[in-house]
Amino acid sequence: LLRAGVDIGGTKCLGVVVDDAGAVLREERLSTPAGADALLDVLDAVAVVLSPYDSFGVGAAGLVSIDGVWRAAPNVTGVWDFPVGARLAARLGHPVAVDNDATCAALAEWQAGAAFGASDVVLVTLGTGIGGGIVSGGRLMRGANGFAGEPGHMVVDPNGPPCVCGRRGCWERYASGSGLARLAREAATGGRLARVVALAGDAEAVRGEHVQFAAREGDHEALLVIDQWAWWVALGLVNLTNLLDPEVVVMGGGLSGAVDLVLAPVRRHFADLLYAPGHRRHPRIEMAALGEQAGAIGAALLVEAHA
Ligand SMILES: [Zn+2]
């Protein structure tokens with residue numbers, strides 16, 4: 001069977017067709033427009049390029065309800081409460097499966113990527129925010145409404161910095177890519193990170209890429225900031241492990257390109273923070289294997305996972 005999937009991101013709609021093994025046969029990408037009608041036009045155009053296919057799925061950032069309504073869409077303009085599943089199905093003339101983009105990425109990494117063969121998997125995407133997806137007992141976990149797997153808004157410090165969701169100290173304020181930049185700017189405005197500030201031109205202009213660049217040069221202060229960030233990542237992963245007892249924890253998203261800097265400190269802090277570490281098998285902590293196509297591949301696999 002040929003399965004088509006499209007990942008609707010804040011900047012682009014990435015579509016793929018995969019075969020029975022999850023291997024990508026065709027790919028198409030178009031810019032994500034503002035507004036529901038323009039988005040339907042773009043998805044239609046992607047579907048034309050991906051044809052022929054036997055099934056069609058969509059992954060979308062934000063809260064996607066179990067009946068295919070995009071309830072909250074922080075990164076795409078004009079689609080809050082948009083019934084993307086029903087409207088796209090009517091437009092294309094066939095059924096469309098819809099789920100959250102990180103849930104799709106978890107499905108893809110489980111079926112064809114870093115967590116292949118496991119039955120209990122947690123995936124987190126570390127990007128602008130933090131997304132998540134959960135496989136439990138060999139099934140994709142959706143929750144009562146479709147909203148399962150939003151670990152970015154677990155509060156890890158009620159007195160922490162404000163979050164887009166209206167609360168304070170959410171995990172994604174610390175452990176996302178933006179969180180790394182925030183920790184670095186804090187250090188820079190406090191008079192540390194001279195090399196990183198020199199790269200950025202200004203303490204307020206410091207971004208994660210500057211920290212990564214300096215860290216690869218061996219800059220000690222940059223490495224310390226990454227280690228501090230890795231502690232926050234590990235803290236959330238331990239919280240998720242206490243809740244879900246996964247066999248594999250997969251880290252994806254924008255920071256998966258920094259695997260050389262990230263993986264070792266996250267694994268070390270995770271082992272330190274884990275409950276009863278000497279009396280259990282530790283989950284494997286892996287970087288995502290499918291890169292930017294993970295969400296689209298997972299969207300293509302939704303039809304079976306939702307069945
Ligand atoms: Zn939040």
# chains A, B, ... in the order shown; residues from 1 in each chain; ligands from 1

$ residues_near_ligand --ligand "ligand 1" --cutoff "12 Å" --atoms "only C-alpha atoms and all ligand atoms" --output "number ranges by chain"
A: 74, 129-131, 150-158, 160-176

$ write_last_selection --atoms "C-alpha atoms" --output "CSV table (one decimal), in the first residue's frame"
chain,number,residue,atom,x,y,z
A,74,PRO,CA,0.1,28.4,18.1
A,129,GLY,CA,8.7,24.6,22.1
A,130,ILE,CA,8.5,20.9,23.2
A,131,GLY,CA,6.1,18.4,21.6
A,150,GLU,CA,2.0,17.5,25.6
A,151,PRO,CA,4.9,17.4,28.0
A,152,GLY,CA,6.2,20.9,27.1
A,153,HIS,CA,3.6,22.4,29.5
A,154,MET,CA,4.4,20.3,32.6
A,155,VAL,CA,5.3,22.9,35.2
A,156,VAL,CA,8.8,22.3,36.6
A,157,ASP,CA,9.0,25.6,38.5
A,158,PRO,CA,5.9,27.5,39.5
A,160,GLY,CA,9.8,30.3,36.7
A,161,PRO,CA,9.5,32.5,33.6
A,162,PRO,CA,6.1,33.0,31.9
A,163,CYS,CA,5.0,30.6,29.2
A,164,VAL,CA,2.8,31.2,26.1
A,165,CYS,CA,0.2,28.9,27.7
A,166,GLY,CA,-0.4,31.5,30.5
A,167,ARG,CA,1.4,29.6,33.3
A,168,ARG,CA,4.9,29.9,34.7
A,169,GLY,CA,7.9,27.6,34.6
A,170,CYS,CA,6.7,25.1,32.0
A,171,TRP,CA,9.3,22.5,31.0
A,172,GLU,CA,9.6,24.0,27.5
A,173,ARG,CA,10.8,27.3,28.9
A,174,TYR,CA,14.0,25.5,30.0
A,175,ALA,CA,14.5,22.4,27.8
A,176,SER,CA,13.5,23.5,24.3

$ select_by_dssp --residues "range 19-251 of chain A" --states "helix (DSSP H, G or I)" --output "PyMOL selection string"
chain A and resi 36-50+84-92+101-112+151-153+172-175+177-189+194-200+203-205+208-216+220-244

$ select_by_dssp --residues "range 40-243 of chain A" --states "strand (DSSP E)" --output "PyMOL selection string"
chain A and resi 55-60+63-64+70-72+97-100+121-126+130-136+139-140

$ atom_distance --atom1 "CA of Gly85 in chain A" --atom2 "CA of Gly68 in chain A"
4.7 Å

$ atom_distance --atom1 "CA of Tyr275 in chain A" --atom2 "CA of Gln228 in chain A"
20.0 Å

$ residues_around --residues "Gly93 in chain A" --least-positions-apart "6" --cutoff "12 Å" --atoms "only C-alpha atoms" --output "ChimeraX atom specification"
/A:44,47,55-56,85-87

$ write_last_selection --atoms "N, CA and C atoms" --output "PDB file, in the first residue's frame"
ATOM      1  N   ASP A  44      -4.105  20.522  -0.897  1.00  0.00           N
ATOM      2  CA  ASP A  44      -4.611  19.940  -2.143  1.00  0.00           C
ATOM      3  C   ASP A  44      -3.476  19.834  -3.170  1.00  0.00           C
ATOM      4  N   ALA A  47      -1.187  17.067  -2.241  1.00  0.00           N
ATOM      5  CA  ALA A  47      -1.823  15.770  -2.509  1.00  0.00           C
ATOM      6  C   ALA A  47      -1.723  15.411  -3.988  1.00  0.00           C
ATOM      7  N   SER A  55      -3.940   5.903   1.058  1.00  0.00           N
ATOM      8  CA  SER A  55      -4.493   6.523   2.270  1.00  0.00           C
ATOM      9  C   SER A  55      -3.779   7.849   2.497  1.00  0.00           C
ATOM     10  N   PHE A  56      -4.381   8.692   3.342  1.00  0.00           N
ATOM     11  CA  PHE A  56      -3.861  10.049   3.512  1.00  0.00           C
ATOM     12  C   PHE A  56      -3.980  10.467   4.969  1.00  0.00           C
ATOM     13  N   GLY A  85      -9.610  17.881   9.385  1.00  0.00           N
ATOM     14  CA  GLY A  85      -9.863  16.531   8.877  1.00  0.00           C
ATOM     15  C   GLY A  85     -11.075  16.490   7.965  1.00  0.00           C
ATOM     16  N   ALA A  86     -12.193  17.027   8.437  1.00  0.00           N
ATOM     17  CA  ALA A  86     -13.442  16.984   7.661  1.00  0.00           C
ATOM     18  C   ALA A  86     -13.356  17.856   6.406  1.00  0.00           C
ATOM     19  N   ARG A  87     -12.781  19.038   6.545  1.00  0.00           N
ATOM     20  CA  ARG A  87     -12.704  19.955   5.397  1.00  0.00           C
ATOM     21  C   ARG A  87     -11.774  19.419   4.315  1.00  0.00           C
TER      22      ARG A  87
END

$ residues_around --residues "range 198-211 of chain A" --least-positions-apart "6" --cutoff "10 Å" --atoms "only C-alpha atoms" --output "ChimeraX atom specification"
/A:176-192,217,219,221-226,255,258

$ write_last_selection --atoms "N, CA and C atoms" --output "PDB file, in the first residue's frame"
ATOM      1  N   SER A 176      13.598  23.400  25.749  1.00  0.00           N
ATOM      2  CA  SER A 176      13.481  23.518  24.290  1.00  0.00           C
ATOM      3  C   SER A 176      14.724  24.198  23.726  1.00  0.00           C
ATOM      4  N   GLY A 177      14.775  24.322  22.388  1.00  0.00           N
ATOM      5  CA  GLY A 177      15.832  25.105  21.768  1.00  0.00           C
ATOM      6  C   GLY A 177      15.788  26.547  22.237  1.00  0.00           C
ATOM      7  N   SER A 178      14.571  27.089  22.357  1.00  0.00           N
ATOM      8  CA  SER A 178      14.437  28.461  22.877  1.00  0.00           C
ATOM      9  C   SER A 178      14.908  28.525  24.324  1.00  0.00           C
ATOM     10  N   GLY A 179      14.695  27.442  25.058  1.00  0.00           N
ATOM     11  CA  GLY A 179      15.134  27.390  26.456  1.00  0.00           C
ATOM     12  C   GLY A 179      16.649  27.482  26.562  1.00  0.00           C
ATOM     13  N   LEU A 180      17.337  26.799  25.643  1.00  0.00           N
ATOM     14  CA  LEU A 180      18.807  26.884  25.633  1.00  0.00           C
ATOM     15  C   LEU A 180      19.246  28.325  25.387  1.00  0.00           C
ATOM     16  N   ALA A 181      18.599  28.993  24.431  1.00  0.00           N
ATOM     17  CA  ALA A 181      18.939  30.387  24.143  1.00  0.00           C
ATOM     18  C   ALA A 181      18.665  31.276  25.357  1.00  0.00           C
ATOM     19  N   ARG A 182      17.556  31.000  26.058  1.00  0.00           N
ATOM     20  CA  ARG A 182      17.220  31.812  27.231  1.00  0.00           C
ATOM     21  C   ARG A 182      18.243  31.625  28.354  1.00  0.00           C
ATOM     22  N   LEU A 183      18.619  30.356  28.612  1.00  0.00           N
ATOM     23  CA  LEU A 183      19.640  30.091  29.631  1.00  0.00           C
ATOM     24  C   LEU A 183      20.952  30.777  29.257  1.00  0.00           C
ATOM     25  N   ALA A 184      21.270  30.779  27.951  1.00  0.00           N
ATOM     26  CA  ALA A 184      22.522  31.395  27.498  1.00  0.00           C
ATOM     27  C   ALA A 184      22.473  32.915  27.661  1.00  0.00           C
ATOM     28  N   ARG A 185      21.328  33.524  27.316  1.00  0.00           N
ATOM     29  CA  ARG A 185      21.218  34.985  27.470  1.00  0.00           C
ATOM     30  C   ARG A 185      21.305  35.387  28.938  1.00  0.00           C
ATOM     31  N   GLU A 186      20.718  34.555  29.805  1.00  0.00           N
ATOM     32  CA  GLU A 186      20.825  34.802  31.248  1.00  0.00           C
ATOM     33  C   GLU A 186      22.281  34.821  31.684  1.00  0.00           C
ATOM     34  N   ALA A 187      23.029  33.810  31.219  1.00  0.00           N
ATOM     35  CA  ALA A 187      24.450  33.738  31.571  1.00  0.00           C
ATOM     36  C   ALA A 187      25.212  34.908  30.965  1.00  0.00           C
ATOM     37  N   ALA A 188      24.869  35.272  29.724  1.00  0.00           N
ATOM     38  CA  ALA A 188      25.595  36.339  29.029  1.00  0.00           C
ATOM     39  C   ALA A 188      25.350  37.696  29.681  1.00  0.00           C
ATOM     40  N   THR A 189      24.102  37.983  30.015  1.00  0.00           N
ATOM     41  CA  THR A 189      23.821  39.275  30.647  1.00  0.00           C
ATOM     42  C   THR A 189      24.375  39.302  32.068  1.00  0.00           C
ATOM     43  N   GLY A 190      24.651  38.125  32.642  1.00  0.00           N
ATOM     44  CA  GLY A 190      25.295  38.055  33.957  1.00  0.00           C
ATOM     45  C   GLY A 190      26.810  38.156  33.874  1.00  0.00           C
ATOM     46  N   GLY A 191      27.340  38.417  32.679  1.00  0.00           N
ATOM     47  CA  GLY A 191      28.773  38.665  32.542  1.00  0.00           C
ATOM     48  C   GLY A 191      29.578  37.444  32.152  1.00  0.00           C
ATOM     49  N   ARG A 192      28.905  36.300  31.925  1.00  0.00           N
ATOM     50  CA  ARG A 192      29.637  35.105  31.484  1.00  0.00           C
ATOM     51  C   ARG A 192      29.498  34.953  29.957  1.00  0.00           C
ATOM     52  N   GLU A 217      33.988  24.547  19.692  1.00  0.00           N
ATOM     53  CA  GLU A 217      35.367  25.052  19.773  1.00  0.00           C
ATOM     54  C   GLU A 217      36.025  24.654  21.087  1.00  0.00           C
ATOM     55  N   ASP A 219      34.805  25.863  24.101  1.00  0.00           N
ATOM     56  CA  ASP A 219      34.623  26.935  25.079  1.00  0.00           C
ATOM     57  C   ASP A 219      33.966  26.390  26.352  1.00  0.00           C
ATOM     58  N   GLU A 221      32.674  27.795  29.107  1.00  0.00           N
ATOM     59  CA  GLU A 221      31.424  28.392  29.591  1.00  0.00           C
ATOM     60  C   GLU A 221      30.235  27.980  28.724  1.00  0.00           C
ATOM     61  N   ALA A 222      30.469  27.851  27.416  1.00  0.00           N
ATOM     62  CA  ALA A 222      29.397  27.380  26.532  1.00  0.00           C
ATOM     63  C   ALA A 222      29.022  25.938  26.884  1.00  0.00           C
ATOM     64  N   LEU A 223      30.044  25.122  27.149  1.00  0.00           N
ATOM     65  CA  LEU A 223      29.778  23.730  27.530  1.00  0.00           C
ATOM     66  C   LEU A 223      29.008  23.663  28.853  1.00  0.00           C
ATOM     67  N   LEU A 224      29.301  24.593  29.765  1.00  0.00           N
ATOM     68  CA  LEU A 224      28.572  24.615  31.042  1.00  0.00           C
ATOM     69  C   LEU A 224      27.098  24.946  30.833  1.00  0.00           C
ATOM     70  N   VAL A 225      26.811  25.889  29.926  1.00  0.00           N
ATOM     71  CA  VAL A 225      25.417  26.249  29.655  1.00  0.00           C
ATOM     72  C   VAL A 225      24.680  25.053  29.026  1.00  0.00           C
ATOM     73  N   ILE A 226      25.345  24.361  28.113  1.00  0.00           N
ATOM     74  CA  ILE A 226      24.720  23.168  27.520  1.00  0.00           C
ATOM     75  C   ILE A 226      24.485  22.105  28.587  1.00  0.00           C
ATOM     76  N   LEU A 255      16.905  20.371  17.786  1.00  0.00           N
ATOM     77  CA  LEU A 255      18.185  20.127  18.438  1.00  0.00           C
ATOM     78  C   LEU A 255      18.777  18.759  18.136  1.00  0.00           C
ATOM     79  N   ALA A 258      22.324  18.588  17.052  1.00  0.00           N
ATOM     80  CA  ALA A 258      23.419  18.827  17.993  1.00  0.00           C
ATOM     81  C   ALA A 258      23.698  17.584  18.824  1.00  0.00           C
TER      82      ALA A 258
END

$ closest_residue --among "A:Ala118, A:Val135, A:Leu237, A:Ala148" --to "Ala271 in chain A" --atoms "only C-alpha atoms"
A:Leu237

$ residues_around --residues "range 100-103 of chain A" --least-positions-apart "6" --cutoff "6 Å" --atoms "only C-alpha atoms" --output "PDB file with N, CA and C atoms, in the first residue's frame"
ATOM      1  N   GLY A  59      -0.399  15.571   9.954  1.00  0.00           N
ATOM      2  CA  GLY A  59       0.074  15.928  11.284  1.00  0.00           C
ATOM      3  C   GLY A  59       0.103  17.442  11.403  1.00  0.00           C
ATOM      4  N   ALA A  60      -0.348  17.969  12.543  1.00  0.00           N
ATOM      5  CA  ALA A  60      -0.438  19.411  12.707  1.00  0.00           C
ATOM      6  C   ALA A  60       0.052  19.805  14.100  1.00  0.00           C
ATOM      7  N   ALA A  61       0.795  20.907  14.167  1.00  0.00           N
ATOM      8  CA  ALA A  61       1.328  21.375  15.441  1.00  0.00           C
ATOM      9  C   ALA A  61       0.206  21.960  16.291  1.00  0.00           C
ATOM     10  N   VAL A  64      -4.778  18.741  18.487  1.00  0.00           N
ATOM     11  CA  VAL A  64      -5.655  18.186  17.460  1.00  0.00           C
ATOM     12  C   VAL A  64      -6.585  17.194  18.141  1.00  0.00           C
ATOM     13  N   GLY A 131       7.222  19.308  21.884  1.00  0.00           N
ATOM     14  CA  GLY A 131       6.089  18.447  21.598  1.00  0.00           C
ATOM     15  C   GLY A 131       6.380  17.056  22.113  1.00  0.00           C
ATOM     16  N   GLY A 132       5.371  16.197  22.058  1.00  0.00           N
ATOM     17  CA  GLY A 132       5.594  14.844  22.541  1.00  0.00           C
ATOM     18  C   GLY A 132       4.633  13.853  21.941  1.00  0.00           C
ATOM     19  N   GLY A 133       5.024  12.594  21.990  1.00  0.00           N
ATOM     20  CA  GLY A 133       4.163  11.503  21.567  1.00  0.00           C
ATOM     21  C   GLY A 133       4.498  10.274  22.391  1.00  0.00           C
ATOM     22  N   GLY A 295       7.559  13.682  11.059  1.00  0.00           N
ATOM     23  CA  GLY A 295       6.149  14.019  11.219  1.00  0.00           C
ATOM     24  C   GLY A 295       5.312  13.578  10.027  1.00  0.00           C
TER      25      GLY A 295
END

$ closest_residue --among "A:Val124, A:Trp229, A:Gly62, A:Gly22" --to "Gly253 in chain A" --atoms "only C-alpha atoms"
A:Val124

$ closest_residue --among "A:Leu126, A:Leu140, A:Ile134, A:Leu274" --to "Gly254 in chain A" --atoms "only C-alpha atoms"
A:Leu126

$ atom_distance --atom1 "CA of Val303 in chain A" --atom2 "CA of Trp110 in chain A"
15.0 Å

$ residues_around --residues "Arg280 in chain A" --least-positions-apart "6" --cutoff "12 Å" --atoms "only C-alpha atoms" --output "list in words"
Thr241, Asn242, Asp245, Pro246, Glu247, Ala271 and Leu274 of chain A

$ residues_around --residues "Asp272 in chain A" --least-positions-apart "4" --cutoff "10 Å" --atoms "only C-alpha atoms" --output "VMD selection string"
chain A and resid 231 234 to 235 238 266 to 268 276 to 277

$ write_last_selection --atoms "C-alpha atoms" --output "JSON list (two decimals), in the first residue's frame"
[["chain", "number", "residue", "atom", "x", "y", "z"],
["A", 231, "TRP", "CA", 19.94, 18.87, 33.23],
["A", 234, "ALA", "CA", 16.88, 15.11, 31.75],
["A", 235, "LEU", "CA", 14.59, 16.33, 34.55],
["A", 238, "VAL", "CA", 12.82, 11.44, 34.23],
["A", 266, "VAL", "CA", 21.43, 14.32, 28.93],
["A", 267, "ARG", "CA", 22.19, 10.63, 29.50],
["A", 268, "ARG", "CA", 24.47, 11.44, 32.45],
["A", 276, "ALA", "CA", 16.03, 3.86, 42.05],
["A", 277, "PRO", "CA", 18.65, 3.87, 39.30]]

$ closest_residue --among "A:Gly257, A:Gly57, A:Gly15, A:Gly78" --to "Leu39 in chain A" --atoms "only C-alpha atoms"
A:Gly78

$ closest_atom_pairs --of "range 232-276 of chain A" --to "range 114-117 of chain A" --cutoff "10 Å" --atoms "only C-alpha atoms" --output "JSON lines"
{"residue": "A:Glu247", "atom": "CA", "partner": "A:Ala115", "partner_atom": "CA", "distance": 8.6}
{"residue": "A:Val248", "atom": "CA", "partner": "A:Ala115", "partner_atom": "CA", "distance": 6.1}
{"residue": "A:Val249", "atom": "CA", "partner": "A:Ala115", "partner_atom": "CA", "distance": 7.9}
{"residue": "A:Val250", "atom": "CA", "partner": "A:Ala114", "partner_atom": "CA", "distance": 7.0}
{"residue": "A:Met251", "atom": "CA", "partner": "A:Ala114", "partner_atom": "CA", "distance": 9.5}

$ write_last_selection --atoms "N, CA, C and O atoms" --output "mmCIF file, in the first residue's frame"
data_model
loop_
_atom_site.group_PDB
_atom_site.id
_atom_site.type_symbol
_atom_site.label_atom_id
_atom_site.label_comp_id
_atom_site.auth_asym_id
_atom_site.auth_seq_id
_atom_site.Cartn_x
_atom_site.Cartn_y
_atom_site.Cartn_z
ATOM 1 N N GLU A 247 10.659 2.026 27.282
ATOM 2 C CA GLU A 247 11.851 1.246 26.949
ATOM 3 C C GLU A 247 12.852 2.135 26.193
ATOM 4 O O GLU A 247 14.061 1.995 26.359
ATOM 5 N N VAL A 248 12.316 3.046 25.382
ATOM 6 C CA VAL A 248 13.151 3.975 24.612
ATOM 7 C C VAL A 248 12.594 5.385 24.766
ATOM 8 O O VAL A 248 11.376 5.589 24.671
ATOM 9 N N VAL A 249 13.473 6.342 24.990
ATOM 10 C CA VAL A 249 13.121 7.757 24.968
ATOM 11 C C VAL A 249 13.829 8.360 23.754
ATOM 12 O O VAL A 249 15.048 8.230 23.629
ATOM 13 N N VAL A 250 13.061 8.983 22.867
ATOM 14 C CA VAL A 250 13.629 9.555 21.641
ATOM 15 C C VAL A 250 13.565 11.077 21.723
ATOM 16 O O VAL A 250 12.522 11.637 22.042
ATOM 17 N N MET A 251 14.700 11.708 21.419
ATOM 18 C CA MET A 251 14.739 13.175 21.354
ATOM 19 C C MET A 251 14.829 13.598 19.895
ATOM 20 O O MET A 251 15.746 13.194 19.178
#
